[in-house]
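J.: Sharing a structure with you now.
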Amino acid sequence: MKRSTEIKKLDAALSKLVRLGFADDNGYVQCFTCGKMKDWKYETDCGHFQSRSKYSTRWLFDPDNGMVNVMPQCKGCNMSNGGQQYVFGKRLDAVYGEGTAQKIVDLSNTIVKFSTAELVEMRKSIEEDLRRNMAEG
């Protein structure tokens, strides 16, 4: 198992969990930064508040504890408008409490190197969450 392959698989699994997990019964999800409703599968991305290059927060998605670095974003906000980082941070604070964005920024500045085995375990856990969400939905 190649590390780069596992990273791609983990990215894909998280992207699907985040976008599908926030979708309504008609398959539409609200962009976290602009609020527009878009098709989860074709018109949205898994947008990152802190850059994907920061592995300590790249896959951070723990909404129950208010720690999320990834949320559904329309392609316009994520790609054309550079991720709308300022708006993203403000929304994180509004949804999860004041100071959430700063906590994620601080965490993103720590150096973390996950082993390939850890990446595989994270992916399996996310895939299990996805299966559970699809069974409930």
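Chains: A, B, ... in order of the structure tokens. Residues: from 1 per chain. Ligands: from 1, in order shown.
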Name the residues of segment 30-91 of chain A that fall into alpha helix (DSSP H) according to DSSP on the backbone, using the chain letters and numbers of this document, as a list in words.

T.: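 Taking segment 30-91 of chain A and keeping alpha helix (DSSP H) only, one gets Tyr55, Ser56, Thr57, Arg58, Lys75, Gln85, Tyr86, Val87, Phe88, Gly89, Lys90 and Arg91 of chain A.
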
J.: Could you give me, as a VMD selection string, the residues within 9 Å of Lys38 of chain A, counting only C-alpha atoms and dropping anything in the same chain fewer than 3 positions from it?

T.: chain A and resid 27 to 31 41 to 44 73 to 74

J.: Please identify which residues in chain A DSSP calls strand (DSSP E or B) from the backbone, and express them as a list in words.

T.: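 Everything in chain A that counts as strand (DSSP E or B) is Tyr28, Val29, Gln30, Met37, Lys38, Asp39, Thr44, Asp45, Cys46, Gly47, His48, Phe61, Asp62, Met67, Val68, Val70, Met71, Pro72, Gln73 and Cys74 of chain A.
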
J.: Quick one: residues within 8 Å of segment 128-132 of chain A, only C-alpha atoms, excluding same-chain residues fewer than 6 positions away - as a ChimeraX atom specification?

T.: /A:16-17,21

J.: Do a neighbour search on Thr57 of chain A at 10 Å with only C-alpha atoms, toss out local chain neighbours closer than 3 positions, and write the hits as a list in words.

T.: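 Those residues are His48, Phe49, Gln50, Ser51, Arg52, Ser53, Lys54, Leu60, Phe61, Met67, Val68, Asn69, Val70, Ile104, Val105, Asp106, Leu107, Ser108, Asn109, Thr110, Ile111 and Val112 of chain A.
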
J.: Take atom CA of Lys8 of chain A and atom CA of Leu20 of chain A and report the distance between them in Å, one decimal.

T.: 18.0 Å
